[in-house]
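Peer 1: The file below is input.tsv, TSV, C-alpha atoms:
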```tsv
chain	number	residue	atom	x	y	z
B	1	MET	CA	71.40	96.70	122.55
B	2	ALA	CA	74.63	98.17	121.25
B	3	ARG	CA	77.93	96.32	121.41
B	4	THR	CA	80.31	98.89	122.84
B	5	ILE	CA	83.90	98.59	121.63
B	6	ALA	CA	86.79	100.77	122.74
B	7	ILE	CA	89.71	101.26	120.35
B	8	ALA	CA	92.69	101.63	122.66
B	9	ASN	CA	96.46	101.74	122.67
B	10	GLN	CA	98.41	104.22	124.78
B	11	LYS	CA	101.21	104.13	122.21
B	12	GLY	CA	100.64	106.91	119.69
B	13	GLY	CA	100.95	106.58	115.93
B	14	VAL	CA	99.58	103.05	115.67
B	15	GLY	CA	96.45	103.82	113.66
B	16	LYS	CA	94.09	103.97	116.64
B	17	THR	CA	91.92	106.84	115.45
B	18	THR	CA	92.18	105.70	111.83
B	19	THR	CA	90.82	102.34	112.94
B	20	ALA	CA	88.04	103.90	115.02
B	21	ILE	CA	86.89	106.14	112.16
B	22	ASN	CA	87.05	103.56	109.40
B	23	LEU	CA	85.68	100.64	111.39
B	24	ALA	CA	82.69	102.77	112.42
B	25	ALA	CA	82.15	103.84	108.81
B	26	ALA	CA	82.47	100.27	107.49
B	27	LEU	CA	79.94	98.99	110.04
B	28	ALA	CA	77.53	101.78	109.09
B	29	GLU	CA	78.00	100.99	105.40
B	30	LYS	CA	76.93	97.43	106.17
B	31	GLY	CA	73.64	98.70	107.57
B	32	LYS	CA	74.56	98.71	111.26
B	33	LYS	CA	73.43	101.70	113.31
B	34	VAL	CA	76.62	103.15	114.80
B	35	LEU	CA	77.44	105.78	117.41
B	36	MET	CA	81.04	106.99	117.24
B	37	ILE	CA	82.16	108.37	120.62
B	38	ASP	CA	85.27	110.57	120.60
B	39	THR	CA	86.99	110.66	124.01
B	40	ASP	CA	90.32	111.99	122.75
B	41	PRO	CA	90.87	115.74	123.44
B	42	GLN	CA	92.63	115.98	120.08
B	43	GLY	CA	89.21	115.42	118.49
B	44	ASN	CA	90.70	113.72	115.45
B	45	ALA	CA	87.86	111.19	115.19
B	46	THR	CA	85.51	114.18	115.09
B	47	SER	CA	87.36	116.15	112.41
B	48	GLY	CA	87.96	112.90	110.52
B	49	PHE	CA	84.26	112.92	109.69
B	50	GLY	CA	84.35	116.51	108.44
B	51	ILE	CA	83.00	118.14	111.62
B	52	ASP	CA	84.41	121.55	112.58
B	53	LYS	CA	85.34	120.60	116.14
B	54	GLU	CA	86.16	124.17	117.20
B	55	ALA	CA	82.67	125.37	116.27
B	56	LEU	CA	80.85	122.87	118.48
B	57	GLU	CA	78.80	124.18	121.38
B	58	ASN	CA	78.31	120.83	123.12
B	59	THR	CA	80.71	117.87	123.11
B	60	VAL	CA	81.62	114.85	125.23
B	61	TYR	CA	83.20	117.33	127.67
B	62	GLU	CA	79.90	119.07	128.42
B	63	LEU	CA	78.17	115.69	128.56
B	64	LEU	CA	80.57	114.22	131.13
B	65	LEU	CA	80.29	117.28	133.37
B	66	GLY	CA	76.50	117.23	133.20
B	67	TYR	CA	76.14	120.50	131.30
B	68	CYS	CA	74.09	118.90	128.52
B	69	LYS	CA	72.20	115.76	127.58
B	70	PRO	CA	73.33	113.31	124.87
B	71	GLU	CA	70.74	114.60	122.41
B	72	ASP	CA	72.25	118.09	122.77
B	73	CYS	CA	75.66	117.05	121.49
B	74	ILE	CA	75.10	114.09	119.15
B	75	GLN	CA	75.84	114.96	115.53
B	76	LYS	CA	73.13	113.04	113.68
B	77	GLU	CA	73.57	111.15	110.40
B	78	VAL	CA	77.10	112.34	109.70
B	79	LEU	CA	76.99	109.37	107.37
B	80	GLU	CA	74.03	107.13	106.71
B	81	ASN	CA	73.56	105.00	109.86
B	82	LEU	CA	76.32	106.85	111.73
B	83	ASP	CA	76.03	109.45	114.50
B	84	ILE	CA	78.89	111.03	116.46
B	85	LEU	CA	79.41	112.19	120.03
B	86	PRO	CA	82.18	114.69	119.22
B	87	ALA	CA	85.16	116.01	121.16
B	88	ASN	CA	87.53	118.94	121.01
B	89	ILE	CA	90.35	120.49	123.05
B	90	ASN	CA	87.93	121.39	125.88
B	91	LEU	CA	88.05	117.74	126.90
B	92	THR	CA	91.62	118.29	128.16
B	93	GLY	CA	90.14	120.14	131.14
B	94	ALA	CA	87.95	117.19	132.02
B	95	GLU	CA	90.97	115.16	133.06
B	96	ILE	CA	91.38	117.52	136.04
B	97	GLU	CA	87.73	118.38	136.67
B	98	LEU	CA	86.62	114.75	136.83
B	99	LEU	CA	89.09	113.85	139.57
B	100	ASP	CA	86.93	115.23	142.40
B	101	MET	CA	83.62	113.89	141.10
B	102	ASP	CA	81.82	110.93	142.65
B	103	GLN	CA	81.80	107.75	140.57
B	104	LYS	CA	84.09	109.53	138.10
B	105	GLU	CA	85.00	106.26	136.36
B	106	TYR	CA	81.34	105.68	135.37
B	107	LEU	CA	80.42	109.12	134.02
B	108	LEU	CA	80.52	108.13	130.33
B	109	LYS	CA	78.75	104.83	130.97
B	110	GLU	CA	75.91	106.62	132.77
B	111	ALA	CA	75.72	109.37	130.16
B	112	VAL	CA	75.22	106.98	127.23
B	113	LYS	CA	73.37	104.08	128.87
B	114	ASP	CA	69.97	105.13	127.48
B	115	LEU	CA	71.44	105.35	123.96
B	116	ARG	CA	72.45	101.69	123.85
B	117	ARG	CA	69.06	100.50	122.66
B	118	SER	CA	69.20	102.92	119.70
B	119	TYR	CA	72.39	101.51	118.14
B	120	ASP	CA	73.95	98.24	117.03
B	121	PHE	CA	77.48	99.42	117.82
B	122	MET	CA	79.13	102.12	119.87
B	123	ILE	CA	82.76	102.66	118.85
B	124	ILE	CA	84.86	104.66	121.35
B	125	ASP	CA	88.10	106.31	120.25
B	126	CYS	CA	90.31	106.48	123.36
B	127	PRO	CA	93.11	108.96	124.09
B	128	PRO	CA	96.67	107.69	123.51
B	129	SER	CA	97.28	107.46	127.27
B	130	LEU	CA	95.94	105.57	130.27
B	131	ASN	CA	94.08	108.44	131.98
B	132	ILE	CA	90.62	109.00	133.48
B	133	LEU	CA	89.10	109.43	130.01
B	134	THR	CA	90.47	106.06	128.90
B	135	ILE	CA	89.21	104.50	132.13
B	136	ASN	CA	85.75	105.94	131.42
B	137	ALA	CA	85.85	104.46	127.93
B	138	LEU	CA	86.93	101.04	129.19
B	139	THR	CA	84.32	101.09	131.94
B	140	SER	CA	81.66	101.78	129.29
B	141	ALA	CA	82.79	99.06	126.87
B	142	GLU	CA	82.37	95.31	126.71
B	143	GLY	CA	85.25	94.82	124.31
B	144	VAL	CA	88.58	96.40	123.42
B	145	ILE	CA	90.26	96.31	120.02
B	146	VAL	CA	93.99	97.06	120.13
B	147	PRO	CA	95.63	98.35	116.93
B	148	ILE	CA	99.30	97.36	116.63
B	149	GLN	CA	101.62	98.90	114.07
B	150	CYS	CA	103.82	96.51	112.11
B	151	GLU	CA	107.16	97.68	113.53
B	152	TYR	CA	109.83	96.30	115.87
B	153	TYR	CA	108.41	98.06	118.91
B	154	ALA	CA	104.91	96.77	118.22
B	155	LEU	CA	104.50	95.17	121.64
B	156	GLU	CA	105.96	98.12	123.55
B	157	GLY	CA	103.50	99.20	126.23
B	158	LEU	CA	101.00	96.49	125.32
B	159	SER	CA	101.62	94.59	128.57
B	160	GLN	CA	100.71	97.72	130.54
B	161	LEU	CA	97.50	98.14	128.54
B	162	ILE	CA	96.58	94.48	129.12
B	163	LEU	CA	97.28	94.89	132.85
B	164	THR	CA	95.10	98.02	132.95
B	165	ILE	CA	92.27	96.18	131.20
B	166	LYS	CA	92.55	93.32	133.73
B	167	LEU	CA	92.44	95.79	136.64
B	168	ILE	CA	89.39	97.58	135.23
B	169	LYS	CA	87.71	94.22	134.63
B	170	LYS	CA	88.36	93.23	138.24
B	171	SER	CA	87.37	96.47	139.94
B	172	LEU	CA	85.07	98.46	137.64
B	173	ASN	CA	83.72	96.48	134.68
B	174	PRO	CA	83.51	92.67	134.95
B	175	LYS	CA	82.15	92.45	131.37
B	176	LEU	CA	85.29	93.94	129.82
B	177	LYS	CA	87.52	91.79	127.63
B	178	ILE	CA	90.01	92.20	124.83
B	179	ASP	CA	88.13	91.40	121.63
B	180	GLY	CA	91.35	91.23	119.67
B	181	VAL	CA	94.42	92.81	118.14
B	182	VAL	CA	94.46	94.25	114.63
B	183	PHE	CA	97.67	94.86	112.68
B	184	THR	CA	97.96	98.27	111.01
B	185	MET	CA	100.37	99.93	108.56
B	186	TYR	CA	101.35	96.58	107.07
B	187	ASP	CA	103.76	96.85	104.15
B	188	SER	CA	103.82	93.62	102.14
B	189	ARG	CA	106.98	94.77	100.35
B	190	THR	CA	109.12	94.51	103.49
B	191	ASN	CA	110.28	91.53	105.50
B	192	LEU	CA	109.89	93.65	108.63
B	193	SER	CA	106.09	93.74	108.50
B	194	THR	CA	105.90	90.00	107.88
B	195	ASP	CA	108.38	89.29	110.71
B	196	VAL	CA	106.45	91.49	113.16
B	197	VAL	CA	103.14	89.79	112.35
B	198	GLU	CA	104.66	86.33	112.84
B	199	ASN	CA	106.42	87.38	116.06
B	200	VAL	CA	103.29	88.84	117.60
B	201	ARG	CA	101.20	85.84	116.57
B	202	SER	CA	103.74	83.54	118.22
B	203	ASN	CA	104.01	85.46	121.47
B	204	LEU	CA	100.70	87.19	122.12
B	205	LYS	CA	98.01	85.20	123.90
B	206	GLN	CA	95.15	87.25	122.50
B	207	HIS	CA	92.77	86.91	119.58
B	208	ILE	CA	94.33	88.38	116.44
B	209	TYR	CA	92.03	89.47	113.63
B	210	SER	CA	92.71	87.95	110.23
B	211	SER	CA	92.14	91.31	108.54
B	212	ILE	CA	95.37	93.30	108.29
B	213	ILE	CA	95.29	97.02	107.55
B	214	PRO	CA	97.85	97.94	104.86
B	215	ARG	CA	100.08	100.98	104.76
B	216	ASN	CA	98.04	102.95	102.24
B	217	ILE	CA	98.46	106.53	101.02
B	218	ARG	CA	94.70	106.94	100.55
B	219	LEU	CA	94.13	106.02	104.19
B	220	ALA	CA	96.64	108.68	105.19
B	221	GLU	CA	94.99	111.32	102.99
B	222	ALA	CA	91.37	110.69	103.98
B	223	PRO	CA	91.35	112.52	107.39
B	224	SER	CA	92.53	115.78	105.82
B	225	HIS	CA	89.46	115.63	103.59
B	226	GLY	CA	87.15	114.92	106.54
B	227	GLU	CA	86.04	111.58	105.14
B	228	PRO	CA	86.43	107.93	106.15
B	229	ILE	CA	88.21	105.79	103.59
B	230	THR	CA	84.94	104.11	102.52
B	231	VAL	CA	83.83	107.51	101.23
B	232	TYR	CA	87.15	109.06	100.20
B	233	ASP	CA	88.30	106.11	98.10
B	234	SER	CA	85.80	103.31	98.35
B	235	HIS	CA	87.74	100.88	96.17
B	236	CYS	CA	91.24	101.17	97.65
B	237	ALA	CA	92.97	98.43	99.64
B	238	GLY	CA	92.48	100.31	102.90
B	239	ALA	CA	88.71	100.49	102.45
B	240	ASP	CA	88.56	96.77	101.63
B	241	ALA	CA	90.63	95.94	104.73
B	242	TYR	CA	88.33	97.85	107.08
B	243	ARG	CA	85.26	96.25	105.49
B	244	ALA	CA	86.84	92.85	106.11
B	245	LEU	CA	87.53	93.81	109.73
B	246	ALA	CA	83.91	94.93	110.13
B	247	ASP	CA	82.77	91.56	108.77
B	248	GLU	CA	84.93	89.75	111.34
B	249	ILE	CA	83.54	91.83	114.19
B	250	ILE	CA	79.94	91.33	113.09
B	251	ALA	CA	80.53	87.57	112.76
B	252	LYS	CA	82.27	87.39	116.16
B	253	GLY	CA	79.30	89.05	117.81
B	254	ALA	CA	76.84	86.71	116.14
B	255	LYS	CA	78.45	83.62	117.69
```
Could you render the structure as structure tokens?
Peer 2:
Amino acid sequence: MARTIAIANQKGGVGKTTTAINLAAALAEKGKKVLMIDTDPQGNATSGFGIDKEALENTVYELLLGYCKPEDCIQKEVLENLDILPANINLTGAEIELLDMDQKEYLLKEAVKDLRRSYDFMIIDCPPSLNILTINALTSAEGVIVPIQCEYYALEGLSQLILTIKLIKKSLNPKLKIDGVVFTMYDSRTNLSTDVVENVRSNLKQHIYSSIIPRNIRLAEAPSHGEPITVYDSHCAGADAYRALADEIIAKGAK
């Protein structure tokens, strides 16, 4: 059965989608069968794998509203061992349309429940806001990974996200927990990045992954080429960092 992990942070620009894309790709590279689920209307996790999101007939939007089945919208073998449930701008409308639906918080969970036995991991890229789509993602997941950028406002909004996760755990998904925090955009040349890491480690009562994602130009370039970093530049520091993160997650699940 798949471990379902949501990548969430309502603060934009923290490397959330970059982490979702490259963690999924690194897990697949290690031989794990992965389903990437894009629940962000921007569809960046979809285009980040080279899929023309505007040309798609069926996406997560159609799946949530019951217009299609999972097999109708899954993009198979985008990479070896990696399939994608894609998204595009149509998903924006779902935020309104889902509000009047029964059990609206469980629509994604119900839609993908039969897929769980076909994968080792499901990685969900959440929107950068705490809306009904994020709630659906968190209701579907067992774990949450929170990317935090190495900057002074790193913890801004994190308390609200943690509170939201606690509320969803209490009322909708008792299995949900924060798997850990991962630092992104780390610049070893600056004292700021080092200070932020030490400050967060001292003050945050959550698991913090040892793997730190560096600020890396190749990581920034990869999405525009429609490739994860493990494909775009397999030997760069960013690719190595996401492989190390994948190793930690695999090991954590094996315990």
Peer 1: List the spatial neighbours of Thr4 (chain B) as an MDAnalysis selection string - criterion: any atom at most 12 Å away, all atoms listed in the file, same-chain residues fewer than 5 positions off excluded.
Peer 2: chainID B and resid 24 34:37 108:109 112:113 115:117 119:125 137:145 175:179 249 253
Peer 1: The selected residues should be written to file as a PDB file, in the coordinates of the input (atoms: C-alpha atoms).
Peer 2:
```
ATOM      1  CA  ALA B  24      82.690 102.770 112.420  1.00  0.00           C
ATOM      2  CA  VAL B  34      76.620 103.150 114.800  1.00  0.00           C
ATOM      3  CA  LEU B  35      77.440 105.780 117.410  1.00  0.00           C
ATOM      4  CA  MET B  36      81.040 106.990 117.240  1.00  0.00           C
ATOM      5  CA  ILE B  37      82.160 108.370 120.620  1.00  0.00           C
ATOM      6  CA  LEU B 108      80.520 108.130 130.330  1.00  0.00           C
ATOM      7  CA  LYS B 109      78.750 104.830 130.970  1.00  0.00           C
ATOM      8  CA  VAL B 112      75.220 106.980 127.230  1.00  0.00           C
ATOM      9  CA  LYS B 113      73.370 104.080 128.870  1.00  0.00           C
ATOM     10  CA  LEU B 115      71.440 105.350 123.960  1.00  0.00           C
ATOM     11  CA  ARG B 116      72.450 101.690 123.850  1.00  0.00           C
ATOM     12  CA  ARG B 117      69.060 100.500 122.660  1.00  0.00           C
ATOM     13  CA  TYR B 119      72.390 101.510 118.140  1.00  0.00           C
ATOM     14  CA  ASP B 120      73.950  98.240 117.030  1.00  0.00           C
ATOM     15  CA  PHE B 121      77.480  99.420 117.820  1.00  0.00           C
ATOM     16  CA  MET B 122      79.130 102.120 119.870  1.00  0.00           C
ATOM     17  CA  ILE B 123      82.760 102.660 118.850  1.00  0.00           C
ATOM     18  CA  ILE B 124      84.860 104.660 121.350  1.00  0.00           C
ATOM     19  CA  ASP B 125      88.100 106.310 120.250  1.00  0.00           C
ATOM     20  CA  ALA B 137      85.850 104.460 127.930  1.00  0.00           C
ATOM     21  CA  LEU B 138      86.930 101.040 129.190  1.00  0.00           C
ATOM     22  CA  THR B 139      84.320 101.090 131.940  1.00  0.00           C
ATOM     23  CA  SER B 140      81.660 101.780 129.290  1.00  0.00           C
ATOM     24  CA  ALA B 141      82.790  99.060 126.870  1.00  0.00           C
ATOM     25  CA  GLU B 142      82.370  95.310 126.710  1.00  0.00           C
ATOM     26  CA  GLY B 143      85.250  94.820 124.310  1.00  0.00           C
ATOM     27  CA  VAL B 144      88.580  96.400 123.420  1.00  0.00           C
ATOM     28  CA  ILE B 145      90.260  96.310 120.020  1.00  0.00           C
ATOM     29  CA  LYS B 175      82.150  92.450 131.370  1.00  0.00           C
ATOM     30  CA  LEU B 176      85.290  93.940 129.820  1.00  0.00           C
ATOM     31  CA  LYS B 177      87.520  91.790 127.630  1.00  0.00           C
ATOM     32  CA  ILE B 178      90.010  92.200 124.830  1.00  0.00           C
ATOM     33  CA  ASP B 179      88.130  91.400 121.630  1.00  0.00           C
ATOM     34  CA  ILE B 249      83.540  91.830 114.190  1.00  0.00           C
ATOM     35  CA  GLY B 253      79.300  89.050 117.810  1.00  0.00           C
TER      36      GLY B 253
END
```
Peer 1: Give the answer as one residue: which of B:Leu99, B:Ile135, B:Ala241, B:Ala2 has the shortest atom-to-atom distance to Ile168 (chain B), using all atoms listed in the file?
Peer 2: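 Residue with the minimum atom-to-atom distance to Ile168 (chain B): B:Ile135.
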Peer 1: At what distance in Å, to one decimal, does CA of Lys16 (chain B) lie from CA of Cys68 (chain B)?
Peer 2: 27.6 Å
Peer 1: Per residue of region 18-53 of chain B within 12 Å of region 77-80 of chain B, which atom pair is closest and at what distance in Å (one decimal), using all atoms listed in the file, listed by chain and increasing number, as a Markdown table?
Peer 2:
```
| residue | atom | partner | partner_atom | distance |
| --- | --- | --- | --- | --- |
| B:Ile21 | CA | B:Leu79 | CA | 11.5 |
| B:Asn22 | CA | B:Leu79 | CA | 11.8 |
| B:Ala24 | CA | B:Leu79 | CA | 10.1 |
| B:Ala25 | CA | B:Leu79 | CA | 7.7 |
| B:Ala26 | CA | B:Leu79 | CA | 10.6 |
| B:Leu27 | CA | B:Glu80 | CA | 10.6 |
| B:Ala28 | CA | B:Glu80 | CA | 6.8 |
| B:Glu29 | CA | B:Glu80 | CA | 7.4 |
| B:Lys30 | CA | B:Glu80 | CA | 10.1 |
| B:Gly31 | CA | B:Glu80 | CA | 8.5 |
| B:Lys32 | CA | B:Glu80 | CA | 9.6 |
| B:Lys33 | CA | B:Glu80 | CA | 8.6 |
| B:Val34 | CA | B:Glu80 | CA | 9.4 |
| B:Leu35 | CA | B:Glu77 | CA | 9.6 |
| B:Met36 | CA | B:Val78 | CA | 10.0 |
| B:Thr46 | CA | B:Val78 | CA | 10.2 |
| B:Ser47 | CA | B:Val78 | CA | 11.3 |
| B:Gly48 | CA | B:Val78 | CA | 10.9 |
| B:Phe49 | CA | B:Val78 | CA | 7.2 |
| B:Gly50 | CA | B:Val78 | CA | 8.5 |
| B:Ile51 | CA | B:Val78 | CA | 8.5 |
```
Peer 1: What is the CA of Asp100 (chain B) to CA of Tyr61 (chain B) distance in Å?
Peer 2: 15.3 Å
Peer 1: Which residue, B:Ala55, B:Val231, B:Ala220, B:Val14, has the smallest gap to Cys150 (chain B) when you use all atoms listed in the file?
Peer 2: B:Val14
Peer 1: Could you jot down the CA of Asn88 (chain B) to CA of Ser159 (chain B) separation for me, Å, one decimal place?
Peer 2: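 Here the two named atoms are 29.1 Å from each other.
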Peer 1: Taking into account all atoms listed in the file, which residue in the set B:Glu57, B:Asp233, B:Asp187, B:Asp40 is nearest to Ile212 (chain B)?
Peer 2: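 Among the listed residues, B:Asp187 lies closest to Ile212 (chain B).
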Peer 1: Need to verify the contact set: Tyr153 (chain B), 10 Å, all atoms listed in the file, exclusion of same-chain residues closer than 5 positions in sequence. Can you return it as a VMD selection string?
Peer 2: chain B and resid 11 148 158 196
Peer 1: Measuring between all atoms listed in the file, which one of B:Asp72, B:Arg218, B:Glu248, B:Asn58 shows the shortest distance to His235 (chain B)?
Peer 2: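 The answer is B:Arg218, which sits nearest to His235 (chain B).
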Peer 1: What's around Glu151 (chain B) at 12 Å? Count all atoms listed in the file, leave out sequence neighbours fewer than 5 positions away in its own chain, and write the answer as a ChimeraX atom specification.
Peer 2: /B:13-14,156,183-187,190-200,215
Peer 1: Need the shell around Leu91 (chain B): protein/DNA/RNA residues with any atom at most 9 Å away, counting all atoms listed in the file. Skip same-chain ones fewer than 5 positions apart. Format as a PyMOL selection string?
Peer 2: chain B and resi 39-43+59-62+133
Peer 1: Compare B:Lys76, B:Lys252, B:Asn136, B:Ala87 by their minimum atom-to-atom distance to Glu54 (chain B), counting only C-alpha atoms, and give me the closest one.
Peer 2: B:Ala87
Peer 1: From the options B:Ile250, B:Val182, B:Ala154, B:Leu107, which residue's atoms come nearest to Ile208 (chain B), counting all atoms listed in the file?
Peer 2: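 Once distances to Ile208 (chain B) are computed over all atoms listed in the file, the minimum belongs to B:Val182.
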Peer 1: Near Pro70 (chain B), within 8 Å and counting only C-alpha atoms, which residues show up once chain neighbours fewer than 3 positions away are dropped, as a list of chain:residue names?
Peer 2: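 Non-adjacent residues within range: B:Leu63, B:Cys73, B:Ile74, B:Leu85, B:Ala111, B:Val112.
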Peer 1: Residues within 6 Å of (91.7, 101.8, 122.7), file coordinates, counting only C-alpha atoms: what are they? Give the list as a PyMOL selection string.
Peer 2: chain B and resi 6-9+126+146
Peer 1: Since fewer atoms than expected are present, regenerate N, CA and C atoms for region 2-14 of chain B and write them as an mmCIF file, in the coordinates of the input.
Peer 2:
```cif
data_model
loop_
_atom_site.group_PDB
_atom_site.id
_atom_site.type_symbol
_atom_site.label_atom_id
_atom_site.label_comp_id
_atom_site.auth_asym_id
_atom_site.auth_seq_id
_atom_site.Cartn_x
_atom_site.Cartn_y
_atom_site.Cartn_z
ATOM 1 N N ALA B 2 73.365 97.937 121.950
ATOM 2 C CA ALA B 2 74.630 98.170 121.250
ATOM 3 C C ALA B 2 75.764 97.355 121.850
ATOM 4 N N ARG B 3 76.620 96.814 120.980
ATOM 5 C CA ARG B 3 77.930 96.320 121.410
ATOM 6 C C ARG B 3 78.846 97.534 121.491
ATOM 7 N N THR B 4 79.454 97.723 122.638
ATOM 8 C CA THR B 4 80.310 98.890 122.840
ATOM 9 C C THR B 4 81.761 98.450 122.819
ATOM 10 N N ILE B 5 82.511 99.001 121.859
ATOM 11 C CA ILE B 5 83.900 98.590 121.630
ATOM 12 C C ILE B 5 84.805 99.798 121.733
ATOM 13 N N ALA B 6 85.786 99.719 122.630
ATOM 14 C CA ALA B 6 86.790 100.770 122.740
ATOM 15 C C ALA B 6 87.987 100.428 121.861
ATOM 16 N N ILE B 7 88.493 101.426 121.139
ATOM 17 C CA ILE B 7 89.710 101.260 120.350
ATOM 18 C C ILE B 7 90.828 101.916 121.149
ATOM 19 N N ALA B 8 91.746 101.108 121.669
ATOM 20 C CA ALA B 8 92.690 101.630 122.660
ATOM 21 C C ALA B 8 94.108 101.137 122.409
ATOM 22 N N ASN B 9 95.042 102.048 122.590
ATOM 23 C CA ASN B 9 96.460 101.740 122.670
ATOM 24 C C ASN B 9 97.138 103.023 123.133
ATOM 25 N N GLN B 10 97.817 102.983 124.276
ATOM 26 C CA GLN B 10 98.410 104.220 124.780
ATOM 27 C C GLN B 10 99.634 104.648 123.988
ATOM 28 N N LYS B 11 100.095 103.781 123.093
ATOM 29 C CA LYS B 11 101.210 104.130 122.210
ATOM 30 C C LYS B 11 100.643 104.892 121.019
ATOM 31 N N GLY B 12 101.135 106.095 120.784
ATOM 32 C CA GLY B 12 100.640 106.910 119.690
ATOM 33 C C GLY B 12 101.150 106.435 118.334
ATOM 34 N N GLY B 13 100.480 106.865 117.279
ATOM 35 C CA GLY B 13 100.950 106.580 115.930
ATOM 36 C C GLY B 13 100.761 105.171 115.458
ATOM 37 N N VAL B 14 99.784 104.451 116.042
ATOM 38 C CA VAL B 14 99.580 103.050 115.670
ATOM 39 C C VAL B 14 98.332 102.845 114.819
#
```
